[in-house]
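Undergrad: Contents of protein.cif (mmCIF, C-alpha atoms):
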data_work
loop_
_atom_site.label_atom_id
_atom_site.label_comp_id
_atom_site.auth_asym_id
_atom_site.auth_seq_id
_atom_site.Cartn_x
_atom_site.Cartn_y
_atom_site.Cartn_z
CA MET A 1 0.00 0.00 0.00
CA TYR A 2 2.68 2.53 1.00
CA LYS A 3 4.72 1.87 -2.15
CA GLU A 4 1.67 2.36 -4.36
CA LEU A 5 0.89 5.65 -2.62
CA GLU A 6 4.50 6.81 -2.84
CA ASP A 7 4.64 6.01 -6.57
CA LYS A 8 1.25 7.75 -6.99
CA LYS A 9 -0.26 4.65 -8.51
CA GLU A 10 -2.97 4.93 -5.84
CA LYS A 11 -4.59 7.90 -4.14
CA LEU A 12 -5.07 8.86 -0.50
CA ALA A 13 -8.31 10.51 0.63
CA VAL A 14 -9.00 12.57 3.73
CA VAL A 15 -12.67 12.60 4.70
CA GLY A 16 -13.57 15.67 6.77
CA LEU A 17 -11.59 18.87 6.17
CA GLY A 18 -11.89 20.78 9.42
CA TYR A 19 -9.21 21.74 11.95
CA VAL A 20 -7.77 18.22 11.80
CA GLY A 21 -8.47 16.98 8.30
CA LEU A 22 -7.30 19.92 6.19
CA PRO A 23 -3.79 20.30 7.69
CA ILE A 24 -3.11 16.57 7.43
CA ALA A 25 -4.49 16.43 3.88
CA LEU A 26 -2.14 19.23 2.80
CA GLU A 27 0.82 17.53 4.47
CA PHE A 28 0.06 14.24 2.69
CA ALA A 29 -0.33 16.18 -0.57
CA LYS A 30 3.36 17.09 -0.46
CA TYR A 31 4.20 13.46 -1.20
CA PHE A 32 1.06 11.63 -2.34
CA SER A 33 -1.86 12.22 -4.69
CA VAL A 34 -4.64 13.32 -2.34
CA ILE A 35 -8.42 13.71 -2.49
CA GLY A 36 -9.79 16.11 0.12
CA PHE A 37 -13.46 15.30 0.74
CA ASP A 38 -16.02 17.28 2.74
CA ILE A 39 -19.82 17.33 2.65
CA ASN A 40 -19.91 21.13 3.05
CA THR A 41 -19.91 22.50 -0.49
CA LYS A 42 -19.22 26.06 0.62
CA ARG A 43 -16.11 24.99 2.54
CA VAL A 44 -14.93 22.91 -0.43
CA GLU A 45 -15.20 25.93 -2.74
CA MET A 46 -13.18 28.03 -0.28
CA MET A 47 -10.43 25.42 -0.18
CA LYS A 48 -10.38 25.19 -3.97
CA ASN A 49 -9.54 28.89 -3.88
CA GLY A 50 -6.74 28.36 -1.37
CA GLU A 51 -8.68 29.57 1.66
CA ASP A 52 -8.88 27.75 4.98
CA PRO A 53 -12.43 28.08 6.37
CA SER A 54 -11.00 27.64 9.89
CA LYS A 55 -8.52 30.49 9.35
CA GLU A 56 -5.64 28.40 10.66
CA LEU A 57 -3.61 28.05 7.45
CA ASP A 58 -2.23 30.67 5.09
CA ALA A 59 -2.95 30.59 1.36
CA SER A 60 0.69 29.60 0.79
CA GLU A 61 -0.02 26.23 2.45
CA PHE A 62 -2.23 25.26 -0.50
CA LYS A 63 0.37 25.92 -3.18
CA ASN A 64 2.30 23.17 -4.98
CA LYS A 65 0.21 20.40 -3.40
CA ASP A 66 -1.13 17.36 -5.26
CA ILE A 67 -4.68 17.62 -3.94
CA VAL A 68 -8.20 17.77 -5.32
CA PHE A 69 -10.99 19.15 -3.11
CA THR A 70 -14.45 17.69 -3.63
CA ASP A 71 -17.85 16.92 -2.15
CA ASN A 72 -18.51 14.28 -4.83
CA THR A 73 -18.41 10.64 -3.72
CA ASP A 74 -17.68 9.55 -7.31
CA VAL A 75 -14.31 11.29 -6.98
CA LEU A 76 -13.82 9.68 -3.58
CA LYS A 77 -14.02 6.25 -5.23
CA GLU A 78 -10.62 6.86 -6.81
CA ALA A 79 -8.84 6.54 -3.44
CA LYS A 80 -7.30 3.42 -1.96
CA PHE A 81 -6.26 4.74 1.47
CA TYR A 82 -8.93 6.64 3.46
CA VAL A 83 -8.28 8.87 6.48
CA VAL A 84 -11.45 9.79 8.41
CA ALA A 85 -11.14 13.01 10.44
CA VAL A 86 -14.64 14.16 11.36
CA PRO A 87 -15.86 15.69 14.66
CA THR A 88 -17.01 13.52 17.56
CA PRO A 89 -19.13 15.88 19.69
CA ILE A 90 -21.47 15.26 22.61
CA ASN A 91 -25.21 15.94 22.78
CA GLU A 92 -27.16 18.03 25.27
CA TYR A 93 -27.05 15.13 27.74
CA ASN A 94 -23.24 14.92 27.61
CA THR A 95 -23.27 11.55 25.84
CA PRO A 96 -21.36 10.75 22.63
CA ASN A 97 -22.88 11.89 19.37
CA LEU A 98 -21.47 9.47 16.80
CA ARG A 99 -23.65 10.64 13.92
CA PRO A 100 -20.87 12.51 12.03
CA LEU A 101 -18.51 9.54 12.46
CA LEU A 102 -21.04 6.91 11.44
CA SER A 103 -22.16 9.05 8.51
CA ALA A 104 -18.54 9.33 7.34
CA SER A 105 -18.13 5.57 7.80
CA LYS A 106 -21.24 5.04 5.65
CA THR A 107 -19.82 7.32 2.94
CA VAL A 108 -16.46 5.52 2.92
CA GLY A 109 -18.21 2.14 3.01
CA SER A 110 -20.18 3.06 -0.10
CA VAL A 111 -16.97 3.50 -2.12
CA LEU A 112 -14.82 0.85 -0.41
CA LYS A 113 -13.06 -1.71 -2.62
CA LYS A 114 -11.05 -4.87 -2.02
CA GLY A 115 -7.56 -4.05 -0.77
CA ASP A 116 -8.49 -0.61 0.61
CA TYR A 117 -7.31 0.84 3.93
CA VAL A 118 -9.43 2.97 6.27
CA ILE A 119 -7.76 4.91 9.10
CA PHE A 120 -9.81 6.75 11.70
CA GLU A 121 -8.44 9.86 13.43
CA SER A 122 -11.60 11.05 15.24
CA THR A 123 -11.38 10.88 19.04
CA VAL A 124 -13.52 8.02 20.35
CA TYR A 125 -13.87 5.66 23.30
CA PRO A 126 -11.91 2.39 23.26
CA GLY A 127 -13.63 -0.13 21.02
CA CYS A 128 -15.57 2.37 18.90
CA THR A 129 -13.64 1.66 15.69
CA GLU A 130 -14.27 -2.09 15.89
CA ASP A 131 -17.74 -2.05 17.48
CA ASP A 132 -19.35 0.91 15.70
CA CYS A 133 -17.43 1.91 12.58
CA ILE A 134 -16.28 -1.35 11.03
CA PRO A 135 -19.79 -2.91 10.97
CA VAL A 136 -20.96 0.15 8.97
CA LEU A 137 -18.06 -0.26 6.54
CA GLU A 138 -18.92 -3.95 6.07
CA LYS A 139 -22.64 -3.32 5.63
CA GLU A 140 -22.23 -0.52 3.09
CA SER A 141 -19.48 -2.19 1.08
CA GLY A 142 -20.55 -5.82 1.27
CA LEU A 143 -16.91 -6.59 2.06
CA THR A 144 -15.36 -8.45 4.98
CA PHE A 145 -13.05 -6.77 7.50
CA LYS A 146 -9.43 -8.02 7.37
CA LYS A 147 -10.18 -10.35 4.45
CA ASP A 148 -11.11 -7.58 1.98
CA PHE A 149 -10.04 -4.33 3.63
CA MET A 150 -7.80 -3.15 6.48
CA VAL A 151 -8.53 -0.67 9.25
CA GLY A 152 -6.26 1.43 11.44
CA TYR A 153 -6.62 4.08 14.10
CA SER A 154 -4.28 7.07 14.48
CA PRO A 155 -5.60 9.72 16.87
CA GLU A 156 -5.28 13.33 15.81
CA ARG A 157 -2.78 15.44 17.72
CA ILE A 158 -3.30 18.89 16.26
CA ASN A 159 -3.28 21.88 18.59
CA PRO A 160 -5.27 24.72 16.96
CA GLY A 161 -3.64 28.12 17.26
CA ASP A 162 -0.24 26.67 18.14
CA LYS A 163 2.32 28.03 15.66
CA GLN A 164 5.24 26.38 17.45
CA ARG A 165 4.09 22.74 17.48
CA LYS A 166 2.76 21.97 14.03
CA ILE A 167 1.29 18.64 12.97
CA THR A 168 4.66 17.39 11.72
CA ASP A 169 6.34 18.25 15.03
CA ILE A 170 4.08 16.13 17.24
CA LYS A 171 4.79 12.42 17.61
CA LYS A 172 1.97 10.34 16.11
CA ILE A 173 0.35 7.21 17.47
CA VAL A 174 -0.62 4.66 14.84
CA SER A 175 -2.27 1.26 15.06
CA GLY A 176 -3.53 -1.36 12.64
CA CYS A 177 -5.77 -4.41 12.65
CA CYS A 178 -2.79 -6.71 11.98
CA ALA A 179 1.00 -6.55 11.75
CA THR A 180 0.97 -5.89 8.00
CA SER A 181 -1.55 -3.07 8.16
CA LEU A 182 0.26 -1.49 11.11
CA GLU A 183 3.50 -1.36 9.15
CA GLN A 184 1.90 0.09 6.00
CA ILE A 185 0.02 2.73 8.01
CA ALA A 186 3.14 3.61 10.00
CA LEU A 187 5.21 4.04 6.82
CA THR A 188 2.55 6.31 5.33
CA TYR A 189 2.44 8.59 8.36
CA GLU A 190 6.23 8.54 8.77
CA LYS A 191 6.40 10.32 5.43
CA ILE A 192 4.90 13.47 6.96
CA ILE A 193 5.55 13.25 10.73
CA THR A 194 9.14 14.32 11.40
CA ALA A 195 8.72 13.88 15.17
CA GLY A 196 8.35 10.13 14.76
CA ILE A 197 5.74 7.39 15.08
CA HIS A 198 4.63 5.30 18.03
CA ARG A 199 3.23 1.93 17.00
CA ALA A 200 0.43 0.96 19.38
CA PRO A 201 -0.22 -2.80 19.69
CA THR A 202 -3.99 -2.61 19.08
CA LEU A 203 -6.69 -0.24 17.86
CA LYS A 204 -8.15 -0.06 21.37
CA VAL A 205 -4.81 0.93 22.92
CA ALA A 206 -4.49 3.80 20.43
CA GLU A 207 -8.08 4.90 21.10
CA ALA A 208 -7.55 4.76 24.87
CA ALA A 209 -4.25 6.68 24.65
CA LYS A 210 -5.96 9.58 22.93
CA ILE A 211 -8.96 9.70 25.25
CA ILE A 212 -6.82 9.85 28.40
CA GLU A 213 -4.59 12.64 27.07
CA ASN A 214 -7.44 15.11 27.37
CA THR A 215 -9.03 13.42 30.37
CA GLN A 216 -5.80 13.88 32.32
CA ARG A 217 -5.70 17.58 31.44
CA ASP A 218 -9.36 17.99 32.31
CA VAL A 219 -8.97 16.48 35.78
CA ASN A 220 -5.89 18.57 36.53
CA ILE A 221 -7.54 21.79 35.40
CA ALA A 222 -10.57 20.91 37.54
CA LEU A 223 -8.28 20.67 40.56
CA MET A 224 -6.90 24.13 39.77
CA ASN A 225 -10.43 25.50 39.40
CA GLU A 226 -11.45 24.05 42.75
CA LEU A 227 -8.33 25.49 44.37
CA SER A 228 -9.19 28.85 42.81
CA ILE A 229 -12.64 28.79 44.44
CA ILE A 230 -11.08 27.90 47.80
CA PHE A 231 -8.33 30.52 47.59
CA ASP A 232 -10.81 33.19 46.55
CA LYS A 233 -12.65 32.65 49.84
CA MET A 234 -9.31 33.18 51.60
CA ASN A 235 -8.58 36.33 49.57
CA ILE A 236 -5.50 34.72 48.00
CA ASN A 237 -4.64 35.10 44.29
CA THR A 238 -4.46 31.61 42.78
CA TYR A 239 -1.92 32.57 40.12
CA ASP A 240 0.44 33.89 42.80
CA VAL A 241 0.10 30.57 44.63
CA LEU A 242 0.79 28.56 41.47
CA GLU A 243 3.80 30.70 40.64
CA ALA A 244 5.26 30.02 44.08
CA ALA A 245 4.43 26.29 44.02
CA GLY A 246 5.85 26.00 40.52
CA THR A 247 9.36 26.64 41.81
CA LYS A 248 9.50 22.94 42.79
CA TRP A 249 10.76 20.76 39.94
CA ASN A 250 7.94 18.21 40.05
CA PHE A 251 4.98 20.57 40.41
CA LEU A 252 2.71 20.26 37.35
CA GLY A 253 1.99 23.46 35.42
CA PHE A 254 -1.82 23.57 35.21
CA TYR A 255 -3.96 26.66 35.67
CA PRO A 256 -7.62 27.49 36.34
CA GLY A 257 -9.91 28.52 33.52
CA LEU A 258 -12.95 27.79 31.39
CA VAL A 259 -12.66 24.37 29.76
CA GLY A 260 -14.49 24.27 26.45
CA GLY A 261 -13.71 23.38 22.87
CA HIS A 262 -14.03 20.12 21.03
CA CYS A 263 -11.39 18.14 22.97
CA ILE A 264 -10.82 18.61 26.70
CA GLY A 265 -14.42 19.56 27.45
CA VAL A 266 -15.79 16.64 25.40
CA ASP A 267 -13.47 13.63 25.38
CA PRO A 268 -13.82 12.66 29.06
CA TYR A 269 -17.55 12.10 28.47
CA TYR A 270 -16.70 9.48 25.84
CA LEU A 271 -14.63 7.57 28.38
CA THR A 272 -17.19 7.82 31.20
CA HIS A 273 -19.93 6.72 28.77
CA LYS A 274 -18.01 3.58 27.89
CA ALA A 275 -17.13 2.94 31.53
CA GLU A 276 -20.85 2.98 32.39
CA GLN A 277 -21.42 0.24 29.82
CA PHE A 278 -18.93 -1.88 31.76
CA GLY A 279 -20.75 -1.18 35.01
CA TYR A 280 -18.29 1.36 36.43
CA HIS A 281 -19.18 4.92 37.41
CA ALA A 282 -16.05 7.06 36.98
CA LYS A 283 -15.86 9.19 40.11
CA ILE A 284 -12.79 11.39 39.63
CA ILE A 285 -13.43 12.05 35.94
CA ASN A 286 -17.09 12.94 36.50
CA SER A 287 -16.21 15.15 39.46
CA GLY A 288 -13.69 17.01 37.34
CA ARG A 289 -16.26 17.47 34.59
CA PHE A 290 -18.78 18.85 37.11
CA VAL A 291 -16.28 21.41 38.42
CA ASN A 292 -15.17 22.54 34.96
CA ASP A 293 -18.70 22.70 33.54
CA SER A 294 -19.70 24.92 36.48
CA MET A 295 -16.96 27.52 36.11
CA GLY A 296 -18.76 29.75 33.61
CA PHE A 297 -21.64 30.21 36.03
CA TYR A 298 -19.17 30.80 38.87
CA VAL A 299 -17.39 33.59 36.97
CA ALA A 300 -20.71 35.28 36.15
CA LYS A 301 -21.90 35.15 39.76
CA LYS A 302 -18.61 36.57 41.04
CA THR A 303 -18.91 39.41 38.54
CA VAL A 304 -22.45 40.15 39.69
CA LYS A 305 -21.37 40.16 43.33
CA LYS A 306 -18.51 42.56 42.55
CA MET A 307 -20.94 44.94 40.82
CA LEU A 308 -23.48 44.73 43.63
CA ALA A 309 -20.74 45.49 46.16
CA VAL A 310 -20.22 48.92 44.58
CA GLY A 311 -23.93 49.63 44.34
CA LYS A 312 -24.63 48.78 40.71
CA ALA A 313 -28.27 48.26 39.70
CA LEU A 314 -28.10 45.07 37.65
CA ARG A 315 -30.94 45.91 35.26
CA GLU A 316 -29.19 49.16 34.36
CA SER A 317 -25.66 47.74 34.28
CA LYS A 318 -23.63 46.92 31.20
CA VAL A 319 -20.87 44.29 30.93
CA LEU A 320 -18.36 43.81 28.13
CA ILE A 321 -17.13 40.27 27.38
CA MET A 322 -13.81 40.25 25.54
CA GLY A 323 -13.51 36.94 23.68
CA ILE A 324 -15.96 34.17 22.77
CA THR A 325 -13.73 31.53 21.12
CA PHE A 326 -12.89 28.46 23.19
CA LYS A 327 -9.19 29.38 23.36
CA GLU A 328 -6.85 32.22 22.48
CA ASN A 329 -5.95 33.23 18.91
CA VAL A 330 -8.33 30.84 17.11
CA SER A 331 -11.71 31.35 15.44
CA ASP A 332 -13.25 28.14 16.81
CA ILE A 333 -16.34 28.80 18.97
CA ARG A 334 -17.41 25.18 19.47
CA ASN A 335 -18.43 24.36 23.04
CA SER A 336 -17.26 27.76 24.29
CA LYS A 337 -17.90 28.02 28.01
CA ILE A 338 -17.96 31.79 27.74
CA ALA A 339 -21.51 31.30 26.49
CA ASP A 340 -22.31 30.04 30.02
CA VAL A 341 -20.94 33.28 31.48
CA ILE A 342 -23.10 35.33 29.13
CA LYS A 343 -26.29 33.36 29.77
CA GLU A 344 -25.81 33.54 33.53
CA LEU A 345 -25.26 37.30 33.44
CA GLN A 346 -28.36 37.70 31.31
CA SER A 347 -30.36 35.68 33.84
CA TYR A 348 -29.62 38.54 36.29
CA GLN A 349 -30.99 41.02 33.71
CA VAL A 350 -27.49 42.37 33.04
CA ASN A 351 -26.93 43.94 29.62
CA VAL A 352 -24.09 42.07 27.93
CA GLU A 353 -22.03 43.04 24.90
CA VAL A 354 -19.51 40.65 23.32
CA VAL A 355 -16.51 41.41 21.13
CA ASP A 356 -13.96 39.06 19.55
CA PRO A 357 -11.47 39.88 16.74
CA TYR A 358 -11.19 36.23 15.70
CA ALA A 359 -14.75 34.85 15.87
CA ASN A 360 -17.22 34.90 12.99
CA ALA A 361 -20.31 36.92 13.98
CA GLN A 362 -22.68 34.81 11.89
CA GLU A 363 -21.40 31.58 13.41
CA VAL A 364 -21.80 33.02 16.92
CA GLU A 365 -25.36 34.09 16.15
CA GLU A 366 -26.24 30.65 14.77
CA GLU A 367 -24.54 28.70 17.56
CA TYR A 368 -25.45 30.75 20.65
CA GLY A 369 -28.18 33.18 19.62
CA PHE A 370 -26.42 36.46 20.43
CA SER A 371 -24.58 39.03 18.34
CA LEU A 372 -21.02 40.32 18.39
CA ILE A 373 -20.36 44.04 18.36
CA ASP A 374 -17.73 45.43 15.98
CA LYS A 375 -15.84 47.34 18.65
CA PRO A 376 -16.25 48.10 22.37
CA GLY A 377 -18.17 51.13 23.56
CA LYS A 378 -17.63 52.79 26.92
CA ASP A 379 -19.13 53.22 30.40
CA TYR A 380 -19.16 49.48 31.14
CA ASP A 381 -19.77 48.48 34.74
CA ALA A 382 -17.54 45.44 34.27
CA VAL A 383 -15.18 44.11 31.64
CA ILE A 384 -14.56 40.37 31.55
CA VAL A 385 -11.42 39.37 29.65
CA ALA A 386 -12.52 35.83 28.86
CA VAL A 387 -9.92 34.87 26.24
CA ASN A 388 -6.34 36.10 26.23
CA HIS A 389 -6.11 36.86 22.52
CA VAL A 390 -2.84 38.58 21.63
CA PRO A 391 -4.49 42.02 21.08
CA TYR A 392 -6.01 41.85 24.56
CA THR A 393 -2.76 40.96 26.33
CA LYS A 394 -1.41 44.36 25.26
CA PHE A 395 -4.11 46.28 27.14
CA SER A 396 -2.90 48.78 29.72
CA GLU A 397 -4.71 50.11 32.77
CA ASP A 398 -5.59 53.25 30.80
CA ASP A 399 -7.20 51.10 28.11
CA PHE A 400 -9.48 49.53 30.72
CA LYS A 401 -10.25 52.91 32.30
CA ALA A 402 -11.41 54.15 28.90
CA LEU A 403 -13.93 51.30 28.77
CA LEU A 404 -15.18 51.38 32.36
CA THR A 405 -17.24 53.62 34.60
CA PRO A 406 -15.18 55.12 37.47
CA ASP A 407 -16.08 52.25 39.81
CA GLY A 408 -16.07 49.54 37.13
CA VAL A 409 -14.70 46.03 37.63
CA VAL A 410 -12.08 44.11 35.63
CA VAL A 411 -12.56 40.33 35.65
CA ASP A 412 -9.48 38.56 34.34
CA ILE A 413 -10.17 34.85 33.83
CA LYS A 414 -6.62 33.99 32.76
CA GLY A 415 -4.83 36.18 35.30
CA VAL A 416 -3.04 38.11 32.56
CA TYR A 417 -3.22 41.53 34.25
CA ARG A 418 -2.71 40.74 37.90
CA ASP A 419 0.59 42.66 38.08
CA LYS A 420 -0.48 45.43 35.68
CA LEU A 421 -3.56 46.97 37.31
CA SER A 422 -3.35 48.95 40.53
CA ASP A 423 -6.14 51.55 40.47
CA LEU A 424 -9.03 49.40 39.25
CA ASP A 425 -11.28 46.96 41.10
CA TYR A 426 -9.74 43.69 39.88
CA TRP A 427 -10.60 39.99 40.22
CA SER A 428 -9.24 36.84 38.61
CA LEU A 429 -9.67 33.11 39.05
#
Written as structure tokens, that's how I'd like the structure from this file.
TA:
Amino acid sequence: MYKELEDKKEKLAVVGLGYVGLPIALEFAKYFSVIGFDINTKRVEMMKNGEDPSKELDASEFKNKDIVFTDNTDVLKEAKFYVVAVPTPINEYNTPNLRPLLSASKTVGSVLKKGDYVIFESTVYPGCTEDDCIPVLEKESGLTFKKDFMVGYSPERINPGDKQRKITDIKKIVSGCCATSLEQIALTYEKIITAGIHRAPTLKVAEAAKIIENTQRDVNIALMNELSIIFDKMNINTYDVLEAAGTKWNFLGFYPGLVGGHCIGVDPYYLTHKAEQFGYHAKIINSGRFVNDSMGFYVAKKTVKKMLAVGKALRESKVLIMGITFKENVSDIRNSKIADVIKELQSYQVNVEVVDPYANAQEVEEEYGFSLIDKPGKDYDAVIVAVNHVPYTKFSEDDFKALLTPDGVVVDIKGVYRDKLSDLDYWSL
């Protein structure tokens, strides 16, 4: 398989061209003949014109690449090696929503041929590839797993917004359904991943490795958030505590904050869901999820209390939220916990305005039902810096004073300004 791809006798397809799929498709296209497939026609047209809908990649990344972008399954049939990189979200009940993954599996199954390879990159619980995806591939294709086609799992390890650690710089886990498939998959990924490849012994091990990466971060951040709540009651700045504790060599560098996005705030629910099926209720993981999912409401309530303390009438007050994306310097608004802050403030009848230089106003309106303003106004009773986008980190005390009423409050979720503001009423996690 690898030799045929290398000689361009066969084609490689990437199914799903979002934050994960597009960068890996373009990397593969440096060496192989690639088909980039997505069901969103508008996004496909943008990529044909050298534009990344996610605003992560420059137009130069599209140049001199052997890639065809399409939403046509007839074109997809030309591939021999399929990489599936579609979202795996949760529903309103915090349980896995496998519809995008199963739909992609159905699409690939409809074009699958004898001798083909299918590699899944979407984050899932251990066993999902074998128990949920492969049966769909078999049903749609009429082929038999292992006898007629091979399957692998290689979890995505892309960090949106990170310009230092690119996809090629992060070691990649790969797995296959047998020794032969593992080797062919590993060789294919080794072509683009300069950091190296880790060969996992089974599909389930690779799936489990990915799911605990983000679960571990989630639990540790939850501990920091709980410490922040405790230290706030003691009138101690959490970031000062962490800076002091961090002078010991083995102290782990985690910080409090809002945990959203499509990874850390989602993946632990996939693991706890699967654990329940085995009769085990995950205590630490669920407790961490409860703490982190509650932090948006906590921030809003603290802001309200700070305003009430200086005599603000909530119905007449106005709060500016700076940032709506789930993390700094990206346009991704999926599962943004800042939406929880906004909704909680609005439940107190507070007037809220939101600004973000990276987010798409239409997407925000469709996803959360509120509008972005083009630029901040003035006379705000509180300013909440929710996301430390680069433009916001450059704010001075005078910049905040220009936005606030004389007794206004600055709420700094990331603790960026704790040593920069002296005259303003200031609070951070």
Undergrad: Within 12 Å of Ala104 in chain A, counting all atoms listed in the file, which residues qualify if same-chain residues fewer than 6 places away don't, as an mmCIF file with C-alpha atoms, keeping the file's coordinate frame?
TA:
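And here is the file that came out, selection.cif:
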data_model
loop_
_atom_site.group_PDB
_atom_site.id
_atom_site.type_symbol
_atom_site.label_atom_id
_atom_site.label_comp_id
_atom_site.auth_asym_id
_atom_site.auth_seq_id
_atom_site.Cartn_x
_atom_site.Cartn_y
_atom_site.Cartn_z
ATOM 1 C CA VAL A 14 -9.000 12.570 3.730
ATOM 2 C CA VAL A 15 -12.670 12.600 4.700
ATOM 3 C CA GLY A 16 -13.570 15.670 6.770
ATOM 4 C CA LEU A 17 -11.590 18.870 6.170
ATOM 5 C CA PHE A 37 -13.460 15.300 0.740
ATOM 6 C CA ASP A 38 -16.020 17.280 2.740
ATOM 7 C CA ILE A 39 -19.820 17.330 2.650
ATOM 8 C CA THR A 73 -18.410 10.640 -3.720
ATOM 9 C CA LEU A 76 -13.820 9.680 -3.580
ATOM 10 C CA TYR A 82 -8.930 6.640 3.460
ATOM 11 C CA VAL A 83 -8.280 8.870 6.480
ATOM 12 C CA VAL A 84 -11.450 9.790 8.410
ATOM 13 C CA ALA A 85 -11.140 13.010 10.440
ATOM 14 C CA VAL A 86 -14.640 14.160 11.360
ATOM 15 C CA PRO A 87 -15.860 15.690 14.660
ATOM 16 C CA THR A 88 -17.010 13.520 17.560
ATOM 17 C CA LEU A 98 -21.470 9.470 16.800
ATOM 18 C CA SER A 110 -20.180 3.060 -0.100
ATOM 19 C CA VAL A 111 -16.970 3.500 -2.120
ATOM 20 C CA VAL A 118 -9.430 2.970 6.270
ATOM 21 C CA ILE A 119 -7.760 4.910 9.100
ATOM 22 C CA PHE A 120 -9.810 6.750 11.700
ATOM 23 C CA GLU A 121 -8.440 9.860 13.430
ATOM 24 C CA SER A 122 -11.600 11.050 15.240
ATOM 25 C CA ASP A 132 -19.350 0.910 15.700
ATOM 26 C CA CYS A 133 -17.430 1.910 12.580
ATOM 27 C CA ILE A 134 -16.280 -1.350 11.030
ATOM 28 C CA VAL A 136 -20.960 0.150 8.970
ATOM 29 C CA LEU A 137 -18.060 -0.260 6.540
ATOM 30 C CA GLU A 140 -22.230 -0.520 3.090
#
Undergrad: Neighbours of Glu51 in chain A within 12 Å (only C-alpha atoms; same-chain residues fewer than 3 positions away dropped), as a list of chain:residue names?
TA: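 Contacts, in chain order: A:Leu17, A:Leu22, A:Lys42, A:Arg43, A:Val44, A:Glu45, A:Met46, A:Met47, A:Lys48, A:Ser54, A:Lys55, A:Glu56, A:Leu57, A:Asp58, A:Ala59, A:Ser60, A:Glu61, A:Phe62, A:Lys63, A:Phe69.
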Undergrad: May I have a table of the residues of range 364-385 of chain A lying at most 10 Å from range 286-307 of chain A, giving each one's closest pair of atoms and their distance in Å to one decimal, counting only C-alpha atoms, ordered by chain and ascending residue number, as a Markdown table?
TA:
| residue | atom | partner | partner_atom | distance |
| --- | --- | --- | --- | --- |
| A:Asp381 | CA | A:Met307 | CA | 7.1 |
| A:Ala382 | CA | A:Met307 | CA | 7.4 |
| A:Val383 | CA | A:Thr303 | CA | 9.1 |
| A:Ile384 | CA | A:Thr303 | CA | 8.3 |
Undergrad: When the PyMOL selection byres ((chain A and resi 227-243) around 10) is applied to the file above, which residues end up in the set, as an MDAnalysis selection string?
TA: chainID A and resid 221:226 244:248 251:257 295 298 414:416 418:419 427:429
Undergrad: Can you list, as a ChimeraX atom specification, the residues that the PyMOL selection byres ((chain A and resi 319) around 7) selects here?
TA: /A:317-318,320-321,351-353,380-383
Undergrad: Just the residues within 8 Å of His281 in chain A, please, counting all atoms listed in the file, with nothing from its chain fewer than 3 positions along; format it as a PyMOL selection string.
TA: chain A and resi 272+275-276
Undergrad: Taking all atoms listed in the file into account, which of A:Lys210, A:Lys3, A:Arg315, A:Lys114 comes nearest Lys147 in chain A?
TA: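 For Lys147 in chain A, the nearest of the given residues is A:Lys114.
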Undergrad: Which is closer to Glu78 in chain A than all the others in A:Leu403, A:Leu143, A:Leu112, A:Ile158, using only C-alpha atoms?
TA: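 Smallest distance to Glu78 in chain A is found for A:Leu112.
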Undergrad: Where does the PyMOL selection byres ((chain A and resi 392) around 10) land in this file, that is, which residues does it pick, as a VMD selection string?
TA: chain A and resid 322 to 323 328 356 to 357 385 to 391 393 to 396 399 416
Undergrad: Could you work out how far CA of Lys204 in chain A lies from CA of Ile173 in chain A, giving the answer in Å with one decimal?
TA: 11.8 Å
Undergrad: Nearest residue to Ala186 in chain A out of A:Phe370, A:Tyr2, A:Lys312, A:Tyr358, using all atoms listed in the file?
TA: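 Checking each candidate against Ala186 in chain A, we get A:Tyr2 as the closest.
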Undergrad: Could you check how far CA of Asn220 in chain A sits from CA of Lys337 in chain A, in Å to one decimal?
TA: 17.5 Å
Undergrad: When you count only C-alpha atoms, which of these residues is closest to Phe400 in chain A: A:Val205, A:Ala13, A:Leu345, A:Leu424?
TA: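 When distances to Phe400 in chain A are compared using only C-alpha atoms, the smallest one comes from A:Leu424.
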Undergrad: What does the distance from CA of Glu6 in chain A to CA of His198 in chain A come to in Å, to one decimal?
TA: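 If I compute the distance from CA of Glu6 in chain A to CA of His198 in chain A, I get 20.9 Å.
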Undergrad: A:Lys274, A:Lys191, A:Lys113, A:Arg99: which is nearest Phe32 in chain A, counting all atoms listed in the file?
TA: A:Lys191
Undergrad: Give me the residues near range 264-267 of chain A as a ChimeraX atom specification, where near means some atom within 9 Å (using all atoms listed in the file) and where sequence neighbours in that chain fewer than 4 positions away do not count.
TA: /A:88-90,94,96,123-125,210-218,259-260,271,289,292-293,335
Undergrad: Here is a test: counting all atoms listed in the file, which residue of A:Met150, A:Val219, A:Leu258, A:Ala359 is nearest to Val330 in chain A?
TA: A:Ala359
